[in-house]
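Worksheet: the structure to be examined is printed underneath.
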Amino acid sequence: MAYYYSKITELPFAEAVARTREALKDQGFGIITEIDVTETFKQKLDVAFRPYVILGACNPKAAHEALLHEDKVGVMLPCNVIVQQRESGDGSEIAAVDPVASMSAIANPGLKAKAEEIGGKLRQALDAI
């Protein structure tokens with residue numbers, strides 16, 4: 001089972017990030033965390049790395065419902081979405097966690113149904129970019 005959905009686009013990195021944010025918003029997600037991997041590696045390791053950002057996407061209604069099904073599921077939230085410049089330098093890749101794969105360790109049918117719903121919304125967001 002794949003643990004992520006991904007899409008390759010010819011969009012430059014900055015535009016891919018902006019379009020990803022907008023597509024997630026259109027599907028009911030807000031960005032509650034953001035990690036600039038490139039900057040973090042530069043500051044902490046003095047290592048150059050291609051443009052790469054991790055967006056922590058959260059659908060508050062779905063997160064609330066998931067926590068009602070399983071109170072420890074917060075260790076797997078939010079849904080991470082990455083945008084990275086392709087190593088070739090042309091275009092970008094956008095990838096989102098597959099919530100069904102990440103929640104498969106939890107035997108809770110209600111949570112699985114919620115993960116399937118959120119996975120569909122993440123796929124729709126990527127398809128819209």
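FYI, nothing fancy with the structure tokens labels: chains A, B, ... in order, residues from 1 per chain, ligands from 1 as they appear.
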Determine which residues of stretch 1-128 of chain A receive a DSSP assignment of helix (DSSP H, G or I), computed from the backbone, and state them as a short mmCIF file (atom, residue, chain, number, x, y, z; two decimals) with all heavy atoms, in the first residue's frame.
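Written file, out21.cif:
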```
data_model
loop_
_atom_site.label_atom_id
_atom_site.label_comp_id
_atom_site.auth_asym_id
_atom_site.auth_seq_id
_atom_site.Cartn_x
_atom_site.Cartn_y
_atom_site.Cartn_z
N PHE A 13 8.44 26.20 -8.23
CA PHE A 13 8.23 25.88 -6.82
C PHE A 13 7.29 26.86 -6.12
O PHE A 13 6.30 26.44 -5.50
CB PHE A 13 9.59 25.82 -6.09
CG PHE A 13 9.46 25.58 -4.61
CD1 PHE A 13 9.15 24.31 -4.13
CD2 PHE A 13 9.64 26.62 -3.72
CE1 PHE A 13 9.02 24.09 -2.77
CE2 PHE A 13 9.52 26.39 -2.34
CZ PHE A 13 9.21 25.13 -1.87
N ALA A 14 7.56 28.15 -6.16
CA ALA A 14 6.75 29.13 -5.43
C ALA A 14 5.29 29.09 -5.88
O ALA A 14 4.37 29.16 -5.05
CB ALA A 14 7.32 30.54 -5.59
N GLU A 15 5.07 28.94 -7.17
CA GLU A 15 3.70 28.87 -7.67
C GLU A 15 3.04 27.56 -7.24
O GLU A 15 1.85 27.53 -6.91
CB GLU A 15 3.67 29.02 -9.18
CG GLU A 15 2.27 29.12 -9.73
CD GLU A 15 2.23 29.37 -11.24
OE1 GLU A 15 3.26 29.74 -11.83
OE2 GLU A 15 1.14 29.18 -11.81
N ALA A 16 3.80 26.49 -7.22
CA ALA A 16 3.26 25.20 -6.78
C ALA A 16 2.83 25.27 -5.31
O ALA A 16 1.78 24.74 -4.95
CB ALA A 16 4.29 24.09 -6.99
N VAL A 17 3.61 25.94 -4.48
CA VAL A 17 3.25 26.11 -3.07
C VAL A 17 1.96 26.91 -2.96
O VAL A 17 1.03 26.51 -2.24
CB VAL A 17 4.39 26.77 -2.27
CG1 VAL A 17 3.92 27.11 -0.85
CG2 VAL A 17 5.62 25.87 -2.21
N ALA A 18 1.87 28.01 -3.68
CA ALA A 18 0.67 28.86 -3.63
C ALA A 18 -0.56 28.10 -4.11
O ALA A 18 -1.63 28.16 -3.49
CB ALA A 18 0.89 30.13 -4.45
N ARG A 19 -0.43 27.38 -5.20
CA ARG A 19 -1.56 26.63 -5.75
C ARG A 19 -1.96 25.49 -4.81
O ARG A 19 -3.15 25.16 -4.68
CB ARG A 19 -1.23 26.09 -7.13
CG ARG A 19 -0.97 27.16 -8.19
CD ARG A 19 -2.16 27.56 -9.03
NE ARG A 19 -2.86 26.48 -9.67
CZ ARG A 19 -2.60 26.02 -10.90
NH1 ARG A 19 -1.64 26.57 -11.63
NH2 ARG A 19 -3.31 25.03 -11.39
N THR A 20 -0.99 24.87 -4.16
CA THR A 20 -1.28 23.81 -3.20
C THR A 20 -2.07 24.36 -2.02
O THR A 20 -3.08 23.77 -1.60
CB THR A 20 0.01 23.13 -2.72
OG1 THR A 20 0.69 22.57 -3.85
CG2 THR A 20 -0.26 22.05 -1.70
N ARG A 21 -1.64 25.49 -1.50
CA ARG A 21 -2.37 26.12 -0.39
C ARG A 21 -3.82 26.39 -0.78
O ARG A 21 -4.75 26.11 -0.02
CB ARG A 21 -1.72 27.44 -0.01
CG ARG A 21 -0.42 27.33 0.72
CD ARG A 21 0.16 28.74 0.95
NE ARG A 21 1.40 28.69 1.65
CZ ARG A 21 1.52 28.52 2.96
NH1 ARG A 21 0.45 28.41 3.70
NH2 ARG A 21 2.70 28.48 3.52
N GLU A 22 -4.01 26.94 -1.97
CA GLU A 22 -5.35 27.29 -2.44
C GLU A 22 -6.20 26.03 -2.65
O GLU A 22 -7.37 26.00 -2.25
CB GLU A 22 -5.26 28.09 -3.74
CG GLU A 22 -6.56 28.71 -4.18
CD GLU A 22 -7.14 29.71 -3.20
OE1 GLU A 22 -6.37 30.43 -2.52
OE2 GLU A 22 -8.38 29.78 -3.10
N ALA A 23 -5.64 25.01 -3.24
CA ALA A 23 -6.38 23.77 -3.48
C ALA A 23 -6.78 23.11 -2.16
O ALA A 23 -7.90 22.57 -2.04
CB ALA A 23 -5.55 22.82 -4.34
N LEU A 24 -5.90 23.13 -1.18
CA LEU A 24 -6.24 22.58 0.12
C LEU A 24 -7.36 23.38 0.78
O LEU A 24 -8.30 22.82 1.35
CB LEU A 24 -5.00 22.52 1.02
CG LEU A 24 -3.96 21.47 0.63
CD1 LEU A 24 -2.64 21.71 1.36
CD2 LEU A 24 -4.48 20.06 0.90
N LYS A 25 -7.25 24.68 0.70
CA LYS A 25 -8.29 25.56 1.26
C LYS A 25 -9.64 25.26 0.62
O LYS A 25 -10.66 25.17 1.32
CB LYS A 25 -7.91 27.03 1.04
CG LYS A 25 -8.90 28.00 1.61
CD LYS A 25 -8.43 29.43 1.35
CE LYS A 25 -9.49 30.43 1.79
NZ LYS A 25 -9.11 31.79 1.44
N ASP A 26 -9.66 25.07 -0.68
CA ASP A 26 -10.91 24.75 -1.39
C ASP A 26 -11.53 23.45 -0.92
O ASP A 26 -12.74 23.25 -1.07
CB ASP A 26 -10.66 24.70 -2.90
CG ASP A 26 -10.38 26.06 -3.51
OD1 ASP A 26 -10.61 27.10 -2.84
OD2 ASP A 26 -9.91 26.09 -4.67
N VAL A 37 12.04 23.09 4.85
CA VAL A 37 13.12 22.12 5.00
C VAL A 37 14.44 22.70 4.50
O VAL A 37 15.48 22.51 5.13
CB VAL A 37 12.77 20.80 4.28
CG1 VAL A 37 13.95 19.83 4.29
CG2 VAL A 37 11.54 20.16 4.91
N THR A 38 14.38 23.42 3.40
CA THR A 38 15.58 24.02 2.83
C THR A 38 16.26 24.94 3.84
O THR A 38 17.48 24.83 4.08
CB THR A 38 15.23 24.82 1.55
OG1 THR A 38 14.48 23.98 0.69
CG2 THR A 38 16.47 25.33 0.86
N GLU A 39 15.48 25.83 4.44
CA GLU A 39 16.02 26.78 5.42
C GLU A 39 16.48 26.07 6.69
O GLU A 39 17.53 26.40 7.25
CB GLU A 39 14.97 27.85 5.75
CG GLU A 39 15.46 28.94 6.65
CD GLU A 39 16.63 29.75 6.11
OE1 GLU A 39 16.74 29.89 4.87
OE2 GLU A 39 17.44 30.24 6.92
N THR A 40 15.72 25.10 7.13
CA THR A 40 16.09 24.35 8.34
C THR A 40 17.42 23.63 8.15
O THR A 40 18.29 23.68 9.02
CB THR A 40 14.98 23.35 8.71
OG1 THR A 40 13.77 24.06 8.94
CG2 THR A 40 15.35 22.53 9.94
N PHE A 41 17.59 22.96 7.02
CA PHE A 41 18.86 22.27 6.76
C PHE A 41 20.02 23.25 6.68
O PHE A 41 21.12 22.96 7.15
CB PHE A 41 18.78 21.45 5.48
CG PHE A 41 17.98 20.17 5.58
CD1 PHE A 41 17.80 19.38 4.47
CD2 PHE A 41 17.42 19.75 6.78
CE1 PHE A 41 17.07 18.20 4.54
CE2 PHE A 41 16.69 18.57 6.87
CZ PHE A 41 16.52 17.80 5.74
N LYS A 42 19.77 24.41 6.10
CA LYS A 42 20.84 25.43 5.99
C LYS A 42 21.24 25.91 7.38
O LYS A 42 22.42 25.99 7.70
CB LYS A 42 20.36 26.59 5.10
CG LYS A 42 21.41 27.65 4.90
CD LYS A 42 22.60 27.10 4.14
CE LYS A 42 23.66 28.16 3.93
NZ LYS A 42 24.96 27.56 3.63
N GLN A 43 20.23 26.25 8.20
CA GLN A 43 20.52 26.79 9.54
C GLN A 43 21.11 25.75 10.49
O GLN A 43 22.05 26.05 11.22
CB GLN A 43 19.25 27.36 10.17
CG GLN A 43 18.79 28.65 9.57
CD GLN A 43 17.55 29.18 10.28
OE1 GLN A 43 17.07 28.62 11.26
NE2 GLN A 43 17.02 30.28 9.76
N LYS A 44 20.55 24.55 10.49
CA LYS A 44 20.95 23.54 11.47
C LYS A 44 22.13 22.69 11.05
O LYS A 44 22.88 22.21 11.89
CB LYS A 44 19.77 22.62 11.79
CG LYS A 44 18.53 23.33 12.29
CD LYS A 44 18.72 23.90 13.65
CE LYS A 44 17.42 24.52 14.15
NZ LYS A 44 17.55 25.15 15.43
N LEU A 45 22.27 22.49 9.73
CA LEU A 45 23.30 21.58 9.25
C LEU A 45 24.31 22.23 8.32
O LEU A 45 25.29 21.60 7.93
CB LEU A 45 22.66 20.39 8.50
CG LEU A 45 21.62 19.57 9.26
CD1 LEU A 45 20.96 18.56 8.34
CD2 LEU A 45 22.26 18.89 10.46
N PRO A 60 -10.52 21.01 10.34
CA PRO A 60 -10.91 20.99 11.76
C PRO A 60 -12.10 20.08 12.07
O PRO A 60 -12.08 19.36 13.08
CB PRO A 60 -11.25 22.45 12.06
CG PRO A 60 -10.49 23.23 11.04
CD PRO A 60 -10.46 22.36 9.81
N LYS A 61 -13.10 20.08 11.21
CA LYS A 61 -14.28 19.23 11.45
C LYS A 61 -13.88 17.76 11.45
O LYS A 61 -14.26 16.99 12.34
CB LYS A 61 -15.34 19.51 10.39
CG LYS A 61 -16.62 18.73 10.57
CD LYS A 61 -17.64 19.13 9.50
CE LYS A 61 -18.96 18.45 9.67
NZ LYS A 61 -19.00 17.06 9.38
N ALA A 62 -13.10 17.36 10.46
CA ALA A 62 -12.67 15.97 10.36
C ALA A 62 -11.74 15.60 11.51
O ALA A 62 -11.83 14.48 12.05
CB ALA A 62 -11.99 15.72 9.02
N ALA A 63 -10.85 16.51 11.91
CA ALA A 63 -9.95 16.23 13.03
C ALA A 63 -10.75 16.02 14.31
O ALA A 63 -10.47 15.09 15.08
CB ALA A 63 -8.95 17.37 13.19
N HIS A 64 -11.75 16.86 14.52
CA HIS A 64 -12.61 16.71 15.69
C HIS A 64 -13.31 15.35 15.69
O HIS A 64 -13.31 14.64 16.71
CB HIS A 64 -13.64 17.85 15.73
CG HIS A 64 -14.59 17.75 16.86
ND1 HIS A 64 -15.92 17.46 16.68
CD2 HIS A 64 -14.41 17.88 18.21
CE1 HIS A 64 -16.52 17.42 17.86
NE2 HIS A 64 -15.63 17.66 18.79
N GLU A 65 -13.88 14.98 14.56
CA GLU A 65 -14.56 13.69 14.45
C GLU A 65 -13.59 12.52 14.66
O GLU A 65 -13.93 11.53 15.32
CB GLU A 65 -15.27 13.58 13.11
CG GLU A 65 -16.44 14.54 12.99
CD GLU A 65 -17.01 14.62 11.58
OE1 GLU A 65 -16.56 13.88 10.68
OE2 GLU A 65 -17.93 15.44 11.38
N ALA A 66 -12.39 12.63 14.11
CA ALA A 66 -11.39 11.57 14.29
C ALA A 66 -11.02 11.42 15.76
O ALA A 66 -10.91 10.30 16.27
CB ALA A 66 -10.15 11.87 13.45
N LEU A 67 -10.87 12.54 16.45
CA LEU A 67 -10.52 12.48 17.88
C LEU A 67 -11.66 11.90 18.71
O LEU A 67 -11.41 11.29 19.76
CB LEU A 67 -10.12 13.87 18.38
CG LEU A 67 -8.74 14.32 17.91
CD1 LEU A 67 -8.56 15.82 18.10
CD2 LEU A 67 -7.65 13.54 18.64
N LEU A 68 -12.90 12.08 18.27
CA LEU A 68 -14.02 11.46 18.97
C LEU A 68 -14.01 9.94 18.78
O LEU A 68 -14.42 9.20 19.68
CB LEU A 68 -15.35 12.04 18.47
CG LEU A 68 -15.62 13.50 18.83
CD1 LEU A 68 -16.90 13.99 18.19
CD2 LEU A 68 -15.64 13.71 20.34
N HIS A 69 -13.51 9.48 17.64
CA HIS A 69 -13.40 8.03 17.38
C HIS A 69 -12.23 7.42 18.13
O HIS A 69 -12.30 6.27 18.57
CB HIS A 69 -13.21 7.76 15.88
CG HIS A 69 -14.45 7.92 15.07
ND1 HIS A 69 -15.51 7.06 15.14
CD2 HIS A 69 -14.79 8.85 14.16
CE1 HIS A 69 -16.46 7.45 14.31
NE2 HIS A 69 -16.04 8.54 13.71
N VAL A 73 -5.39 9.60 18.24
CA VAL A 73 -5.10 9.79 16.81
C VAL A 73 -4.37 11.10 16.54
O VAL A 73 -3.75 11.26 15.50
CB VAL A 73 -6.39 9.65 15.96
CG1 VAL A 73 -7.24 10.90 16.05
CG2 VAL A 73 -6.06 9.33 14.53
N GLY A 74 -4.39 12.00 17.49
CA GLY A 74 -3.69 13.27 17.33
C GLY A 74 -2.20 13.10 17.07
O GLY A 74 -1.57 13.99 16.49
N VAL A 75 -1.63 11.95 17.44
CA VAL A 75 -0.21 11.73 17.15
C VAL A 75 0.04 11.62 15.65
O VAL A 75 1.18 11.74 15.21
CB VAL A 75 0.37 10.50 17.88
CG1 VAL A 75 0.23 10.65 19.39
CG2 VAL A 75 -0.26 9.21 17.41
N MET A 76 -1.03 11.41 14.87
CA MET A 76 -0.89 11.28 13.42
C MET A 76 -1.42 12.49 12.67
O MET A 76 -1.51 12.47 11.44
CB MET A 76 -1.62 10.02 12.95
CG MET A 76 -1.05 8.77 13.54
SD MET A 76 -1.96 7.35 12.94
CE MET A 76 -1.03 6.03 13.65
N PRO A 99 -4.12 9.12 4.33
CA PRO A 99 -4.57 8.90 5.71
C PRO A 99 -4.98 7.45 5.98
O PRO A 99 -4.83 6.98 7.11
CB PRO A 99 -5.77 9.84 5.86
CG PRO A 99 -5.75 10.75 4.70
CD PRO A 99 -4.93 10.12 3.63
N VAL A 100 -5.48 6.75 4.98
CA VAL A 100 -5.85 5.35 5.20
C VAL A 100 -4.61 4.53 5.54
O VAL A 100 -4.63 3.71 6.47
CB VAL A 100 -6.60 4.77 3.98
CG1 VAL A 100 -6.85 3.28 4.14
CG2 VAL A 100 -7.92 5.51 3.75
N ALA A 101 -3.54 4.76 4.83
CA ALA A 101 -2.29 4.04 5.12
C ALA A 101 -1.77 4.40 6.51
O ALA A 101 -1.37 3.51 7.27
CB ALA A 101 -1.24 4.36 4.06
N SER A 102 -1.79 5.68 6.86
CA SER A 102 -1.24 6.06 8.16
C SER A 102 -2.12 5.61 9.32
O SER A 102 -1.62 5.36 10.40
CB SER A 102 -0.99 7.57 8.22
OG SER A 102 -2.19 8.29 8.15
N MET A 103 -3.42 5.47 9.08
CA MET A 103 -4.33 5.05 10.14
C MET A 103 -4.53 3.52 10.18
O MET A 103 -5.26 3.02 11.02
CB MET A 103 -5.70 5.70 9.97
CG MET A 103 -5.69 7.20 9.97
SD MET A 103 -5.23 7.87 11.56
CE MET A 103 -5.07 9.59 11.15
N PRO A 109 -13.18 1.01 12.78
CA PRO A 109 -13.90 1.22 11.52
C PRO A 109 -14.36 2.65 11.30
O PRO A 109 -14.34 3.15 10.18
CB PRO A 109 -15.09 0.26 11.62
CG PRO A 109 -14.74 -0.72 12.67
CD PRO A 109 -13.78 -0.04 13.59
N GLY A 110 -14.76 3.33 12.35
CA GLY A 110 -15.19 4.73 12.22
C GLY A 110 -14.04 5.62 11.80
O GLY A 110 -14.22 6.52 10.97
N LEU A 111 -12.87 5.36 12.33
CA LEU A 111 -11.69 6.13 11.97
C LEU A 111 -11.27 5.83 10.53
O LEU A 111 -10.89 6.74 9.78
CB LEU A 111 -10.55 5.83 12.94
CG LEU A 111 -9.30 6.69 12.79
CD1 LEU A 111 -9.62 8.16 13.01
CD2 LEU A 111 -8.24 6.23 13.78
N LYS A 112 -11.39 4.58 10.13
CA LYS A 112 -11.04 4.22 8.75
C LYS A 112 -11.94 4.96 7.77
O LYS A 112 -11.47 5.48 6.75
CB LYS A 112 -11.15 2.71 8.53
CG LYS A 112 -10.75 2.32 7.12
CD LYS A 112 -10.82 0.84 6.88
CE LYS A 112 -10.38 0.58 5.44
NZ LYS A 112 -10.69 -0.73 4.98
N ALA A 113 -13.22 5.03 8.06
CA ALA A 113 -14.15 5.75 7.18
C ALA A 113 -13.78 7.23 7.09
O ALA A 113 -13.82 7.84 6.02
CB ALA A 113 -15.58 5.58 7.67
N LYS A 114 -13.40 7.82 8.21
CA LYS A 114 -13.00 9.23 8.23
C LYS A 114 -11.72 9.41 7.43
O LYS A 114 -11.57 10.38 6.67
CB LYS A 114 -12.83 9.70 9.68
CG LYS A 114 -12.55 11.15 9.88
CD LYS A 114 -13.54 12.11 9.25
CE LYS A 114 -14.97 11.86 9.61
NZ LYS A 114 -15.89 12.72 8.85
N ALA A 115 -10.78 8.48 7.56
CA ALA A 115 -9.52 8.55 6.80
C ALA A 115 -9.79 8.46 5.31
O ALA A 115 -9.17 9.17 4.51
CB ALA A 115 -8.58 7.44 7.26
N GLU A 116 -10.72 7.60 4.91
CA GLU A 116 -11.08 7.49 3.49
C GLU A 116 -11.66 8.80 2.96
O GLU A 116 -11.34 9.25 1.87
CB GLU A 116 -12.05 6.34 3.27
CG GLU A 116 -11.40 4.98 3.43
CD GLU A 116 -12.39 3.82 3.47
OE1 GLU A 116 -13.62 4.06 3.58
OE2 GLU A 116 -11.92 2.66 3.40
N GLU A 117 -12.51 9.43 3.77
CA GLU A 117 -13.11 10.71 3.37
C GLU A 117 -12.03 11.78 3.20
O GLU A 117 -11.99 12.48 2.19
CB GLU A 117 -14.10 11.16 4.45
CG GLU A 117 -14.70 12.52 4.22
CD GLU A 117 -15.52 13.00 5.41
OE1 GLU A 117 -16.10 12.16 6.12
OE2 GLU A 117 -15.56 14.22 5.63
N ILE A 118 -11.13 11.88 4.15
CA ILE A 118 -10.07 12.89 4.07
C ILE A 118 -9.11 12.58 2.95
O ILE A 118 -8.64 13.47 2.24
CB ILE A 118 -9.34 13.01 5.43
CG1 ILE A 118 -10.30 13.60 6.46
CG2 ILE A 118 -8.09 13.86 5.32
CD1 ILE A 118 -10.87 14.97 6.09
N GLY A 119 -8.82 11.32 2.73
CA GLY A 119 -7.96 10.94 1.60
C GLY A 119 -8.56 11.39 0.28
O GLY A 119 -7.85 11.87 -0.61
N GLY A 120 -9.86 11.25 0.14
CA GLY A 120 -10.54 11.72 -1.07
C GLY A 120 -10.39 13.21 -1.26
O GLY A 120 -10.15 13.69 -2.38
N LYS A 121 -10.49 13.96 -0.17
CA LYS A 121 -10.34 15.42 -0.26
C LYS A 121 -8.91 15.81 -0.62
O LYS A 121 -8.69 16.74 -1.39
CB LYS A 121 -10.76 16.08 1.05
CG LYS A 121 -12.26 16.02 1.30
CD LYS A 121 -12.61 16.70 2.62
CE LYS A 121 -14.09 16.65 2.90
NZ LYS A 121 -14.90 17.41 1.97
N LEU A 122 -7.93 15.10 -0.07
CA LEU A 122 -6.53 15.38 -0.42
C LEU A 122 -6.27 15.07 -1.90
O LEU A 122 -5.60 15.85 -2.59
CB LEU A 122 -5.58 14.58 0.48
CG LEU A 122 -5.51 15.03 1.93
CD1 LEU A 122 -4.77 14.00 2.77
CD2 LEU A 122 -4.86 16.41 2.05
N ARG A 123 -6.80 13.95 -2.38
CA ARG A 123 -6.63 13.61 -3.80
C ARG A 123 -7.29 14.67 -4.69
O ARG A 123 -6.73 15.06 -5.72
CB ARG A 123 -7.20 12.23 -4.11
CG ARG A 123 -6.29 11.09 -3.69
CD ARG A 123 -6.75 9.74 -4.22
NE ARG A 123 -8.09 9.40 -3.84
CZ ARG A 123 -8.46 8.86 -2.68
NH1 ARG A 123 -7.53 8.61 -1.76
NH2 ARG A 123 -9.71 8.57 -2.42
N GLN A 124 -8.47 15.14 -4.29
CA GLN A 124 -9.14 16.18 -5.08
C GLN A 124 -8.31 17.45 -5.11
O GLN A 124 -8.23 18.14 -6.14
CB GLN A 124 -10.54 16.47 -4.52
CG GLN A 124 -11.52 15.37 -4.81
CD GLN A 124 -12.89 15.63 -4.17
OE1 GLN A 124 -13.07 16.54 -3.38
NE2 GLN A 124 -13.85 14.80 -4.54
N ALA A 125 -7.69 17.79 -3.97
CA ALA A 125 -6.83 18.99 -3.93
C ALA A 125 -5.66 18.83 -4.90
O ALA A 125 -5.38 19.73 -5.68
CB ALA A 125 -6.33 19.23 -2.51
N LEU A 126 -4.99 17.68 -4.88
CA LEU A 126 -3.86 17.48 -5.78
C LEU A 126 -4.31 17.48 -7.23
O LEU A 126 -3.64 18.07 -8.08
CB LEU A 126 -3.14 16.17 -5.46
CG LEU A 126 -1.94 16.27 -4.53
CD1 LEU A 126 -2.29 16.79 -3.17
CD2 LEU A 126 -1.20 14.97 -4.45
N ASP A 127 -5.46 16.89 -7.50
CA ASP A 127 -5.97 16.87 -8.88
C ASP A 127 -6.26 18.27 -9.39
O ASP A 127 -6.18 18.51 -10.60
CB ASP A 127 -7.24 16.02 -8.98
CG ASP A 127 -6.97 14.52 -8.84
OD1 ASP A 127 -5.79 14.11 -8.96
OD2 ASP A 127 -7.95 13.77 -8.63
N ALA A 128 -6.61 19.18 -8.50
CA ALA A 128 -6.98 20.55 -8.90
C ALA A 128 -5.77 21.42 -9.20
O ALA A 128 -5.92 22.50 -9.77
CB ALA A 128 -7.83 21.20 -7.82
#
```
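Residues lying within 8 Å of A:Tyr4, counting only C-alpha atoms and ignoring same-chain neighbours fewer than 2 positions away, are Ala2, Ser6, Ala95, Ala96, Val97 and Asp98 of chain A.
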task = Could you tell me which of A:Ser92, A:Thr9, A:Asn80, A:Ser104 comes closest to A:Ile35 if we count only C-alpha atoms?
result = A:Asn80
key: All residues 10 Å or closer to A:Glu34, only C-alpha atoms, same chain fewer than 2 positions away omitted, as a PyMOL selection string   = chain A and resi 31-32+36-37+53-57+80-82
task = Find the residues near A:Pro12: any atom within 10 Å, counting only C-alpha atoms, skip ones fewer than 5 places away on the same chain, and give them as a ChimeraX atom specification.
result = /A:17,84-86,89-93
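Note that atom CA of A:Leu77 and atom CA of A:Lys7 are 21.7 Å apart.
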message = I need the strand (DSSP E or B) residues of stretch 44-105 of chain A per DSSP on the backbone, written as a count of residues only.
response = 20
request  = Would you mind telling me which residue in A:Cys79, A:Tyr5, A:Ile94, A:Asp46 lies nearest to A:Cys58 when using only C-alpha atoms?
outcome  = A:Cys79
ask   = How far is it from atom CA of A:Ala107 to atom CA of A:Pro78, in Å with one decimal?
value = 19.4 Å
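Compared by their closest atoms to A:Asp71, and using only C-alpha atoms, the residues A:Asn108, A:Ile8, A:Val83, A:Ser88 rank with A:Asn108 nearest.
With only C-alpha atoms as the atoms that count, the residue of A:Lys72, A:Glu87, A:Asn59, A:Ala105 with the shortest distance to A:Phe29 is A:Asn59.
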